[in-house]
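Colleague: The following file, data-v6.txt, comprises compact mmCIF, C-alpha atoms and all ligand atoms:
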# COMPACT_ATOMS: atom_id res chain seq x y z
CA MET A 1 -26.76 -10.87 6.04
CA GLY A 2 -25.72 -7.36 5.32
CA GLY A 3 -29.06 -5.91 4.21
CA ARG A 4 -29.40 -2.16 3.79
CA GLY A 5 -29.00 -0.39 7.08
CA MET A 6 -26.89 -3.17 8.55
CA ALA A 7 -23.80 -1.89 6.79
CA THR A 8 -23.70 1.24 8.94
CA ILE A 9 -20.80 1.49 11.39
CA PRO A 10 -21.04 4.44 13.79
CA ILE A 11 -17.59 5.95 14.22
CA ALA A 12 -17.98 6.87 17.89
CA GLY A 13 -16.98 3.81 19.88
CA GLY A 14 -15.96 1.90 16.74
CA ARG A 15 -12.68 0.10 16.11
CA PHE A 16 -10.97 0.53 12.77
CA VAL A 17 -7.89 -0.86 11.06
CA ILE A 18 -6.21 1.19 8.35
CA VAL A 19 -4.17 -1.20 6.24
CA GLY A 20 -1.32 0.75 4.65
CA GLY A 21 -2.13 3.62 7.01
CA ALA A 22 1.28 5.24 7.56
CA SER A 23 1.00 7.62 4.65
CA LEU A 24 -0.91 10.43 2.96
CA VAL A 25 -4.48 9.12 2.98
CA GLY A 26 -4.08 6.88 6.03
CA SER A 27 -2.72 9.57 8.33
CA ALA A 28 -5.52 12.00 7.45
CA THR A 29 -8.16 9.30 7.85
CA ALA A 30 -6.79 8.12 11.19
CA ALA A 31 -7.10 11.69 12.49
CA GLU A 32 -10.61 12.00 11.06
CA LEU A 33 -11.79 8.77 12.74
CA LEU A 34 -10.15 9.64 16.07
CA ASP A 35 -11.71 13.11 16.00
CA ALA A 36 -15.10 11.51 15.37
CA GLY A 37 -14.70 9.46 18.55
CA ALA A 38 -13.42 6.07 17.34
CA ALA A 39 -12.54 3.86 20.31
CA GLU A 40 -9.42 2.64 18.52
CA VAL A 41 -7.69 3.22 15.21
CA THR A 42 -5.00 0.74 14.23
CA VAL A 43 -2.50 1.91 11.66
CA PHE A 44 -1.14 -1.26 10.06
CA ASP A 45 1.84 -0.82 7.74
CA ASN A 46 5.10 -2.48 6.78
CA PHE A 47 6.71 0.94 6.28
CA SER A 48 8.03 0.00 2.84
CA LEU A 49 6.66 3.28 1.44
CA GLY A 50 5.03 4.95 4.42
CA SER A 51 6.99 6.45 7.29
CA ASP A 52 6.98 7.28 10.98
CA ALA A 53 7.04 10.94 9.97
CA ALA A 54 3.67 10.59 8.23
CA ILE A 55 2.00 9.61 11.50
CA ALA A 56 4.20 11.61 13.88
CA HIS A 57 1.31 14.03 14.53
CA LEU A 58 -0.70 11.10 15.97
CA LYS A 59 1.92 8.98 17.63
CA ASP A 60 1.06 9.88 21.21
CA HIS A 61 -2.69 9.71 20.67
CA PRO A 62 -4.12 7.38 23.33
CA ARG A 63 -6.57 5.69 20.97
CA LEU A 64 -4.08 5.13 18.13
CA ARG A 65 -2.42 1.74 17.82
CA LEU A 66 0.52 1.24 15.51
CA VAL A 67 1.12 -2.25 14.15
CA ARG A 68 4.02 -3.20 11.93
CA GLY A 69 2.76 -5.88 9.62
CA ASP A 70 2.67 -6.99 6.03
CA VAL A 71 -0.39 -7.66 3.87
CA MET A 72 1.46 -10.61 2.39
CA ARG A 73 1.33 -12.31 5.78
CA MET A 74 -2.11 -13.52 6.88
CA PRO A 75 -1.20 -13.90 10.57
CA ASP A 76 -0.26 -10.20 10.72
CA LEU A 77 -3.64 -9.20 9.29
CA LEU A 78 -5.61 -11.62 11.48
CA ASP A 79 -3.93 -10.29 14.63
CA ALA A 80 -4.49 -6.67 13.67
CA MET A 81 -8.16 -7.13 12.73
CA LYS A 82 -9.25 -9.16 15.74
CA GLY A 83 -12.05 -7.26 17.51
CA ALA A 84 -12.29 -4.52 14.88
CA ASP A 85 -15.51 -3.29 13.25
CA GLY A 86 -14.17 -2.00 9.96
CA ALA A 87 -11.05 -1.83 7.81
CA LEU A 88 -9.85 0.67 5.26
CA LEU A 89 -7.64 -0.98 2.65
CA LEU A 90 -4.97 1.40 1.37
CA ALA A 91 -1.79 -0.69 1.00
CA ALA A 92 -0.77 -0.49 -2.65
CA TYR A 93 1.91 0.33 -5.17
CA MET A 94 0.94 3.19 -7.46
CA THR A 95 2.16 3.66 -11.04
CA LEU A 96 5.69 4.92 -10.33
CA ASN A 97 6.44 2.04 -7.96
CA MET A 98 4.69 -0.41 -10.25
CA ASP A 99 7.10 0.74 -12.97
CA ARG A 100 10.09 0.01 -10.71
CA ASP A 101 8.81 -3.32 -9.38
CA ALA A 102 5.79 -4.77 -11.14
CA TRP A 103 6.26 -8.09 -9.37
CA GLY A 104 5.99 -6.55 -5.90
CA GLY A 105 3.19 -4.24 -7.01
CA LEU A 106 0.97 -7.00 -8.31
CA ASP A 107 1.59 -9.01 -5.12
CA VAL A 108 0.51 -6.17 -2.84
CA ASN A 109 -2.32 -4.80 -5.01
CA ILE A 110 -3.88 -8.19 -5.72
CA ARG A 111 -2.83 -10.89 -3.24
CA GLY A 112 -2.53 -8.28 -0.50
CA VAL A 113 -6.15 -7.23 -1.04
CA GLN A 114 -7.27 -10.85 -1.16
CA ASN A 115 -5.46 -11.51 2.13
CA ALA A 116 -7.00 -8.44 3.76
CA LEU A 117 -10.51 -9.42 2.65
CA GLU A 118 -10.01 -12.97 3.87
CA ALA A 119 -8.74 -11.68 7.24
CA ALA A 120 -11.73 -9.31 7.42
CA ARG A 121 -14.11 -12.21 6.80
CA ALA A 122 -12.34 -14.54 9.22
CA THR A 123 -12.32 -11.99 12.04
CA GLY A 124 -15.98 -10.99 11.44
CA LEU A 125 -15.44 -7.38 10.39
CA ARG A 126 -18.65 -5.62 9.44
CA LYS A 127 -17.43 -3.48 6.59
CA VAL A 128 -14.45 -2.83 4.37
CA VAL A 129 -13.69 0.37 2.49
CA PHE A 130 -11.37 -0.21 -0.46
CA ALA A 131 -9.24 2.56 -1.94
CA SER A 132 -9.52 2.26 -5.68
CA SER A 133 -8.50 4.89 -8.19
CA ASN A 134 -9.63 6.74 -11.28
CA ALA A 135 -6.87 4.59 -12.86
CA VAL A 136 -9.70 2.07 -13.40
CA TYR A 137 -10.69 4.22 -16.40
CA GLY A 138 -7.18 3.86 -17.78
CA TYR A 139 -5.12 6.61 -19.39
CA GLY A 140 -4.28 7.91 -22.80
CA PRO A 141 -6.22 9.40 -25.68
CA GLY A 142 -9.36 7.33 -25.04
CA VAL A 143 -9.99 8.97 -21.68
CA SER A 144 -12.02 12.13 -22.15
CA GLY A 145 -15.34 13.75 -21.35
CA GLU A 146 -17.37 12.92 -18.25
CA LEU A 147 -15.89 9.91 -16.44
CA VAL A 148 -18.73 8.14 -14.67
CA GLU A 149 -18.68 4.86 -12.79
CA ASN A 150 -19.48 2.70 -15.82
CA THR A 151 -16.95 4.34 -18.14
CA PRO A 152 -14.86 1.49 -19.60
CA PHE A 153 -11.12 0.97 -19.12
CA HIS A 154 -8.82 2.41 -21.80
CA SER A 155 -5.37 0.96 -22.19
CA GLU A 156 -4.39 2.05 -25.70
CA GLY A 157 -1.42 4.40 -25.78
CA ALA A 158 -0.71 4.46 -22.03
CA PRO A 159 2.46 3.29 -20.23
CA PRO A 160 2.31 -0.36 -19.11
CA ALA A 161 2.91 0.47 -15.43
CA ALA A 162 -0.18 2.74 -15.40
CA ILE A 163 -2.24 -0.02 -16.98
CA LEU A 164 -0.92 -2.63 -14.55
CA TYR A 165 -1.84 -0.28 -11.70
CA GLY A 166 -5.34 0.42 -13.05
CA ALA A 167 -5.97 -3.24 -13.83
CA SER A 168 -4.80 -4.26 -10.34
CA LYS A 169 -7.35 -1.83 -8.84
CA ILE A 170 -10.08 -3.34 -11.04
CA ILE A 171 -9.16 -6.74 -9.63
CA GLY A 172 -9.20 -5.36 -6.06
CA GLU A 173 -12.71 -4.00 -6.63
CA GLN A 174 -13.89 -7.32 -8.04
CA LEU A 175 -12.41 -9.18 -5.08
CA CYS A 176 -14.59 -6.97 -2.85
CA ARG A 177 -17.67 -7.88 -4.90
CA HIS A 178 -16.67 -11.53 -4.76
CA TYR A 179 -16.43 -11.43 -0.95
CA LYS A 180 -19.83 -9.75 -0.74
CA ARG A 181 -21.39 -12.48 -2.87
CA LYS A 182 -19.63 -15.43 -1.26
CA HIS A 183 -19.54 -14.25 2.34
CA GLY A 184 -21.85 -11.25 2.72
CA LEU A 185 -18.95 -8.95 3.61
CA ASP A 186 -20.18 -5.37 3.19
CA TYR A 187 -17.93 -2.99 1.31
CA VAL A 188 -17.71 0.40 -0.32
CA VAL A 189 -15.19 1.09 -3.08
CA LEU A 190 -14.04 4.69 -3.37
CA ARG A 191 -12.25 5.59 -6.59
CA TYR A 192 -9.94 8.37 -5.48
CA SER A 193 -8.65 10.82 -8.02
CA THR A 194 -5.09 12.13 -7.55
CA VAL A 195 -4.68 13.03 -3.89
CA TYR A 196 -2.85 16.09 -2.62
CA GLY A 197 -2.50 17.83 0.73
CA GLU A 198 -0.66 17.75 4.03
CA ARG A 199 1.93 14.98 4.31
CA GLN A 200 2.24 14.80 0.54
CA HIS A 201 4.66 12.15 -0.66
CA TYR A 202 6.59 11.89 -3.91
CA ARG A 203 5.04 8.70 -5.22
CA ALA A 204 2.07 9.90 -7.30
CA ALA A 205 3.09 11.28 -10.69
CA ASN A 206 0.59 14.15 -10.84
CA ALA A 207 0.94 15.33 -7.24
CA LEU A 208 4.70 15.16 -7.56
CA TYR A 209 4.33 17.72 -10.33
CA ILE A 210 2.84 20.20 -7.81
CA ILE A 211 5.86 19.85 -5.52
CA GLU A 212 8.36 20.06 -8.40
CA THR A 213 6.67 23.18 -9.72
CA TYR A 214 6.69 24.82 -6.29
CA ASP A 215 10.36 23.94 -5.70
CA ARG A 216 11.38 25.37 -9.09
CA VAL A 217 9.53 28.63 -8.52
CA LYS A 218 11.02 28.93 -5.03
CA ARG A 219 14.48 28.57 -6.57
CA GLY A 220 13.60 31.37 -8.99
CA GLU A 221 13.36 29.02 -11.98
CA ALA A 222 10.48 29.07 -14.46
CA PRO A 223 7.95 26.27 -13.85
CA ARG A 224 7.78 23.68 -16.61
CA VAL A 225 4.63 22.94 -18.56
CA PHE A 226 4.68 19.84 -20.73
CA GLY A 227 2.79 20.26 -23.99
CA ASP A 228 0.53 23.30 -24.34
CA GLY A 229 -0.80 23.24 -20.77
CA SER A 230 -4.37 22.38 -21.75
CA GLU A 231 -4.12 18.85 -20.37
CA THR A 232 -6.70 18.15 -17.66
CA LYS A 233 -5.93 17.01 -14.16
CA HIS A 234 -8.56 16.28 -11.54
CA PHE A 235 -7.27 16.20 -7.98
CA VAL A 236 -8.92 15.68 -4.61
CA TYR A 237 -7.83 17.21 -1.31
CA VAL A 238 -6.75 14.61 1.27
CA GLY A 239 -9.05 16.01 4.00
CA ASP A 240 -12.03 15.60 1.69
CA LEU A 241 -11.00 11.97 1.16
CA ALA A 242 -10.60 11.33 4.88
CA ARG A 243 -14.20 12.49 5.24
CA ALA A 244 -15.28 10.23 2.36
CA ASN A 245 -13.65 7.24 4.06
CA ARG A 246 -15.44 8.04 7.32
CA MET A 247 -18.78 8.51 5.57
CA ALA A 248 -18.36 5.23 3.68
CA PHE A 249 -18.24 3.42 7.04
CA GLU A 250 -21.12 5.45 8.52
CA SER A 251 -23.47 5.15 5.57
CA ALA A 252 -25.77 2.23 4.86
CA ALA A 253 -24.19 1.89 1.42
CA THR A 254 -22.74 -1.46 0.47
CA ASP A 255 -21.74 -3.22 -2.76
CA VAL A 256 -21.02 0.05 -4.59
CA ALA A 257 -18.06 1.74 -6.29
CA VAL A 258 -18.09 5.53 -6.60
CA ASN A 259 -15.73 8.27 -7.73
CA THR A 260 -14.35 10.71 -5.17
CA SER A 261 -12.84 13.70 -6.97
CA GLY A 262 -12.35 17.35 -6.07
CA PRO A 263 -14.85 20.12 -6.86
CA ARG A 264 -13.61 20.55 -10.44
CA PRO A 265 -10.78 19.63 -12.78
CA VAL A 266 -7.94 22.03 -13.61
CA THR A 267 -5.72 22.39 -16.65
CA THR A 268 -1.98 22.00 -16.18
CA LEU A 269 -1.53 25.69 -16.97
CA ASP A 270 -4.10 26.75 -14.33
CA LEU A 271 -2.40 24.51 -11.81
CA VAL A 272 1.02 25.96 -12.55
CA ARG A 273 -0.34 29.50 -12.29
CA MET A 274 -1.93 28.75 -8.90
CA VAL A 275 1.23 27.18 -7.52
CA THR A 276 3.36 30.06 -8.86
CA ARG A 277 1.06 32.59 -7.21
CA LEU A 278 1.10 30.69 -3.90
CA ALA A 279 4.91 30.62 -4.05
CA GLY A 280 4.74 34.41 -4.16
CA SER A 281 5.94 34.78 -7.74
CA ASP A 282 4.59 35.78 -11.14
CA ILE A 283 7.30 34.10 -13.21
CA ALA A 284 6.01 32.86 -16.58
CA PRO A 285 6.05 29.12 -17.25
CA GLU A 286 8.37 27.51 -19.76
CA PHE A 287 6.71 25.22 -22.29
CA VAL A 288 8.72 22.06 -22.92
CA GLY A 289 8.30 18.83 -24.86
CA ASP A 290 8.04 15.44 -23.23
CA THR A 291 11.02 14.05 -21.34
CA PRO A 292 11.80 10.60 -22.71
CA GLY A 293 12.06 7.81 -20.17
CA GLN A 294 9.84 9.48 -17.57
CA VAL A 295 6.47 7.96 -16.74
CA ARG A 296 3.96 10.67 -17.54
CA LEU A 297 0.24 10.20 -17.39
CA THR A 298 -1.01 12.10 -20.37
CA SER A 299 -4.70 12.40 -20.93
CA GLY A 300 -6.35 12.76 -24.29
CA GLY A 301 -9.12 15.33 -24.33
CA ALA A 302 -10.49 17.35 -21.45
CA PHE A 303 -12.18 15.25 -18.81
CA ARG A 304 -14.04 15.54 -15.54
CA ILE A 305 -14.35 12.78 -12.98
CA ALA A 306 -17.99 12.94 -11.91
CA HIS A 307 -18.54 12.57 -8.16
CA GLU A 308 -22.34 12.92 -8.01
CA GLU A 309 -22.79 9.19 -7.44
CA ALA A 310 -20.74 9.42 -4.21
CA HIS A 311 -23.28 11.93 -2.95
CA ARG A 312 -26.13 9.56 -3.66
CA ALA A 313 -24.34 6.54 -2.12
CA ILE A 314 -22.65 7.97 0.98
CA GLY A 315 -23.80 11.60 1.12
CA TRP A 316 -20.33 12.96 0.30
CA LYS A 317 -19.23 15.87 -1.82
CA PRO A 318 -15.83 17.57 -2.02
CA LEU A 319 -15.58 20.86 -0.12
CA VAL A 320 -12.03 22.10 -0.61
CA GLU A 321 -11.25 24.06 -3.79
CA MET A 322 -7.86 23.52 -5.39
CA GLU A 323 -6.47 26.95 -4.50
CA GLU A 324 -7.33 26.46 -0.83
CA GLY A 325 -6.03 22.88 -0.74
CA LEU A 326 -2.78 23.93 -2.42
CA ALA A 327 -2.34 26.70 0.14
CA ARG A 328 -2.70 24.08 2.90
CA LEU A 329 -0.22 21.75 1.21
CA ILE A 330 2.32 24.54 0.87
CA ALA A 331 1.79 25.74 4.46
CA TRP A 332 2.49 22.19 5.62
CA LYS A 333 5.56 21.90 3.37
CA GLU A 334 6.92 25.14 4.83
CA SER A 335 6.19 24.04 8.42
CA ASN A 336 8.70 22.16 10.57
CA GLU A 337 6.86 18.91 9.97
CA GLY A 338 6.93 19.30 6.19
CA LYS A 339 10.57 20.33 6.10
CA THR A 340 11.73 17.27 7.98
CA SER A 341 9.55 14.77 6.10
N1 LIG A 401 -2.08 9.21 -3.72
C1 LIG A 401 -2.87 9.25 -4.77
O1 LIG A 401 -2.79 10.18 -5.58
C2 LIG A 401 -3.89 8.19 -5.01
C3 LIG A 401 -4.81 8.34 -6.06
C4 LIG A 401 -5.76 7.34 -6.28
C5 LIG A 401 -5.78 6.23 -5.45
N2 LIG A 401 -4.86 6.11 -4.45
C6 LIG A 401 -4.88 4.90 -3.62
O2 LIG A 401 -5.08 5.31 -2.28
C7 LIG A 401 -4.35 4.46 -1.40
C8 LIG A 401 -3.53 5.28 -0.43
O3 LIG A 401 -2.78 6.24 -1.11
P1 LIG A 401 -1.52 6.92 -0.43
O4 LIG A 401 -1.07 8.00 -1.33
O5 LIG A 401 -1.78 7.19 1.00
O6 LIG A 401 -0.57 5.65 -0.66
P2 LIG A 401 0.93 5.34 -0.32
O7 LIG A 401 1.51 4.60 -1.44
O8 LIG A 401 1.65 6.50 0.20
O9 LIG A 401 0.64 4.40 0.93
C9 LIG A 401 0.44 3.07 0.86
C10 LIG A 401 0.91 2.52 2.18
O10 LIG A 401 0.86 1.10 2.08
C11 LIG A 401 2.00 0.59 2.72
N3 LIG A 401 2.31 -0.73 2.18
C12 LIG A 401 2.82 -1.04 0.96
N4 LIG A 401 3.03 -2.35 0.87
C13 LIG A 401 2.61 -2.90 2.04
C14 LIG A 401 2.57 -4.22 2.55
N5 LIG A 401 3.04 -5.26 1.82
N6 LIG A 401 2.07 -4.42 3.78
C15 LIG A 401 1.64 -3.37 4.55
N7 LIG A 401 1.66 -2.09 4.12
C16 LIG A 401 2.15 -1.87 2.88
C17 LIG A 401 3.10 1.60 2.43
O11 LIG A 401 4.19 1.50 3.35
C18 LIG A 401 2.35 2.91 2.52
O12 LIG A 401 2.39 3.47 3.82
C19 LIG A 401 -3.57 3.50 -2.27
O13 LIG A 401 -4.29 2.30 -2.35
C20 LIG A 401 -3.56 4.17 -3.61
O14 LIG A 401 -3.48 3.24 -4.66
C21 LIG A 401 -3.95 7.08 -4.20
Take the structure in the file and give it back as structure tokens.
Modeller:
Amino acid sequence: MGGRGMATIPIAGGRFVIVGGASLVGSATAAELLDAGAAEVTVFDNFSLGSDAAIAHLKDHPRLRLVRGDVMRMPDLLDAMKGADGALLLAAYMTLNMDRDAWGGLDVNIRGVQNALEAARATGLRKVVFASSNAVYGYGPGVSGELVENTPFHSEGAPPAAILYGASKIIGEQLCRHYKRKHGLDYVVLRYSTVYGERQHYRAANALYIIETYDRVKRGEAPRVFGDGSETKHFVYVGDLARANRMAFESAATDVAVNTSGPRPVTTLDLVRMVTRLAGSDIAPEFVGDTPGQVRLTSGGAFRIAHEEAHRAIGWKPLVEMEEGLARLIAWKESNEGKTS
């Protein structure tokens, strides 16, 4: 079962289920798969975090199917996956929501993944793509340098919610490996770095910072830089990720976990300068200390999330530079769709 070559799912004519699809990554990936000729794309979501607005641009698409369902309920998953070829597993709580409700977050990120894998096996799906995160490397002072796929997890000095999130993604990845070993279910794990782009939401700490900075500059206020601005952030544009998800299905790769990050990291100060410029201003940033009580994901030294392995495994590399991706995010935010989201 599942030897090399067998794990390939052509997109044209294929049927896909995007679990947790009514949001940032899911909406972009649904469009990508439909554009590539998928026979059907099912967006499965309980709308606890996602929204109708996030998929409004696709709602009348003849090959899009919208299913309200919950990953905590097996019958919902079994119904949605019947007859499908592949599933993309996105449903999750990220750090900020994990901080608010760790109980719910661990349920969705662990049992929800287990349920989805079991439903995929039971309905005979050929491949699963699991959305992991660079959170599997942890946070805090230990995280620096080149982050490659076998870089260990650092928990020292990081907020518990970030560690719970990262650890839950490690478990999700291992559940995929377990299903491959026990049942031959092919899978690719993609470790997304912080996602930004059209249909941006306010749930990811680092991407939220982009929106807050833009809003401040637009109001004529100085953008805020925490610390000295040298802290590294490594984002990835949502359209690049949609392509990575598609290529993970199309490629022969199976039983692998690879990083998917943008072309290069940025410092906080560079990021703030870019956003200020795109907001049409040259206002100087204000340097401030940390705000107590806020979950902030500080990194230690400079780092880069290496994505070369993704090229070897699925032939993917990021194409959209940060300045271009930010311009697209802002254009969307200023459009009617972005204003009403
Ligand atoms: N956004 C980022 O910066 C980022 C970075 C790294 C990894 N990731 C991972 O990528 C994936 C997608 O990210 P996103 O930003 O689109 O996520 P998101 O949080 O916006 O979307 C997750 C979706 O899952 C749905 N969901 C939550 N609980 C559910 C349940 N019980 N049943 C059914 N659906 C449920 C939500 O309603 C939401 O639409 C997530 O797994 C996330 O952990 C995201």
Colleague: Neighbouring residues of Gly20 in chain A were defined as those with any atom within 10 Å, considering only C-alpha atoms; residues of the same chain fewer than 3 positions away were excluded. Please report them as a list of chain:residue names.
Modeller: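 In the requested form, the answer reads A:Val17, A:Ser23, A:Leu24, A:Val25, A:Gly26, A:Ser27, A:Val43, A:Phe44, A:Asp45, A:Asn46, A:Phe47, A:Ser48, A:Leu49, A:Gly50, A:Arg68, A:Gly69, A:Asp70, A:Val71, A:Leu88, A:Leu89, A:Leu90, A:Ala91, A:Ala92.
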Colleague: Enter the distance from CA of Arg246 in chain A to CA of Ala162 in chain A, in Å, rounded to one decimal.
Modeller: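 Spanning CA of Arg246 in chain A to CA of Ala162 in chain A is a straight-line distance of 27.9 Å.
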Colleague: Could you tell me which of A:Ala131, A:Ile110, A:Ala122, A:Ile18 comes closest to ligand LIG 401 (chain A) if we count all atoms listed in the file?
Modeller: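 When distances to ligand LIG 401 (chain A) are compared using all atoms listed in the file, the smallest one comes from A:Ala131.
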Colleague: Work out how far apart atom O2 of ligand LIG 401 (chain A) and CA of Asn336 in chain A are and give it in Å to one decimal.
Modeller: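 One can read the atom O2 of ligand LIG 401 (chain A) to CA of Asn336 in chain A distance as 25.3 Å.
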Colleague: Pick from A:Phe303, A:Tyr196, A:Tyr187, A:Phe226: nearest to Ala28 in chain A, with only C-alpha atoms counted?
Modeller: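 Smallest separation from Ala28 in chain A among the options: A:Tyr196.
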Colleague: Centre and edge lengths, as AutoDock Vina command-line options, for the axis-aligned box enclosing every listed atom of ligand LIG 401 (chain A) with 8 Å of padding on each of the six sides, in Å to one decimal?
Modeller:
--center_x -0.8 --center_y 2.5 --center_z -0.9 --size_x 26.0 --size_y 31.4 --size_z 26.8
Colleague: List every protein, DNA or RNA residue with an atom no more than 7 Å from (-4.7, 4.7, -16.9) in the file's coordinates, counting only C-alpha atoms, and format the result as a PyMOL selection string.
Modeller: chain A and resi 135-140+154-155+158+162-163+166
Colleague: Give one line per residue of range 205-321 of chain A that approaches range 167-180 of chain A to at most 12 Å, naming the two atoms of the closest pair and their distance in Å to one decimal, counting only C-alpha atoms; sort by chain then ascending residue number and deliver it as a tab-separated table.
Modeller:
residue	atom	partner	partner_atom	distance
A:Thr254	CA	A:Lys180	CA	8.9
A:Asp255	CA	A:Arg177	CA	6.5
A:Val256	CA	A:Arg177	CA	8.6
A:Ala257	CA	A:Glu173	CA	7.9
A:Val258	CA	A:Glu173	CA	10.9
Colleague: So what do you get for CA of Lys82 in chain A versus CA of Ala38 in chain A, distance-wise?
Modeller: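 Answer for the CA of Lys82 in chain A to CA of Ala38 in chain A separation: 15.9 Å.
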